Amino acid sequence: MSPSGKPGFVIKPLTIVLLVGAVVLLGAGIVYLVTPASQLPSIVPGHQAGSSHHHTTHALLMFILGGLCLVGAWFTTNPSSSPPDSPG
């Protein structure tokens, strides 16, 4: 426990990776949602020359994966496990 009596939280490298992944995936979801398929870069899945529709299914998948990354990041932060104070 911390000196204030509250458990401290440990942020692991995996937590940071999951948070960065969540930001990237949520950003990609927004791009899929607002950008027509013809204006997506050609290396992005879903690019279709001359198309004017949006890839809402791709956007939904990115939002779901981003949400899963956030949940995973939440589960990787846990209270620090310090030994309990001995009665004295």
# chains A, B, ... in the order shown; residues from 1 in each chain; ligands from 1
>>> residues_around(residues="Trp74 in chain A", least_positions_apart="5", cutoff="12 Å", atoms="only C-alpha atoms", output="ChimeraX atom specification")
/A:9-12,14-19,22,67-69,79
>>> residues_around(residues="Ser52 in chain A", least_positions_apart="2", cutoff="10 Å", atoms="only C-alpha atoms", output="MDAnalysis selection string")
chainID A and resid 35:39 48:50 54:55
>>> closest_residue(among="A:Leu70, A:Leu26, A:Val20, A:Ile43", to="His58 in chain A", atoms="only C-alpha atoms")
A:Leu26
>>> atom_distance(atom1="CA of Thr57 in chain A", atom2="CA of Val24 in chain A")
17.0 Å
>>> atom_distance(atom1="CA of Leu60 in chain A", atom2="CA of Gly29 in chain A")
6.7 Å
>>> closest_residue(among="A:Leu65, A:Val71, A:Val23, A:Ala59", to="Gly46 in chain A", atoms="only C-alpha atoms")
A:Ala59
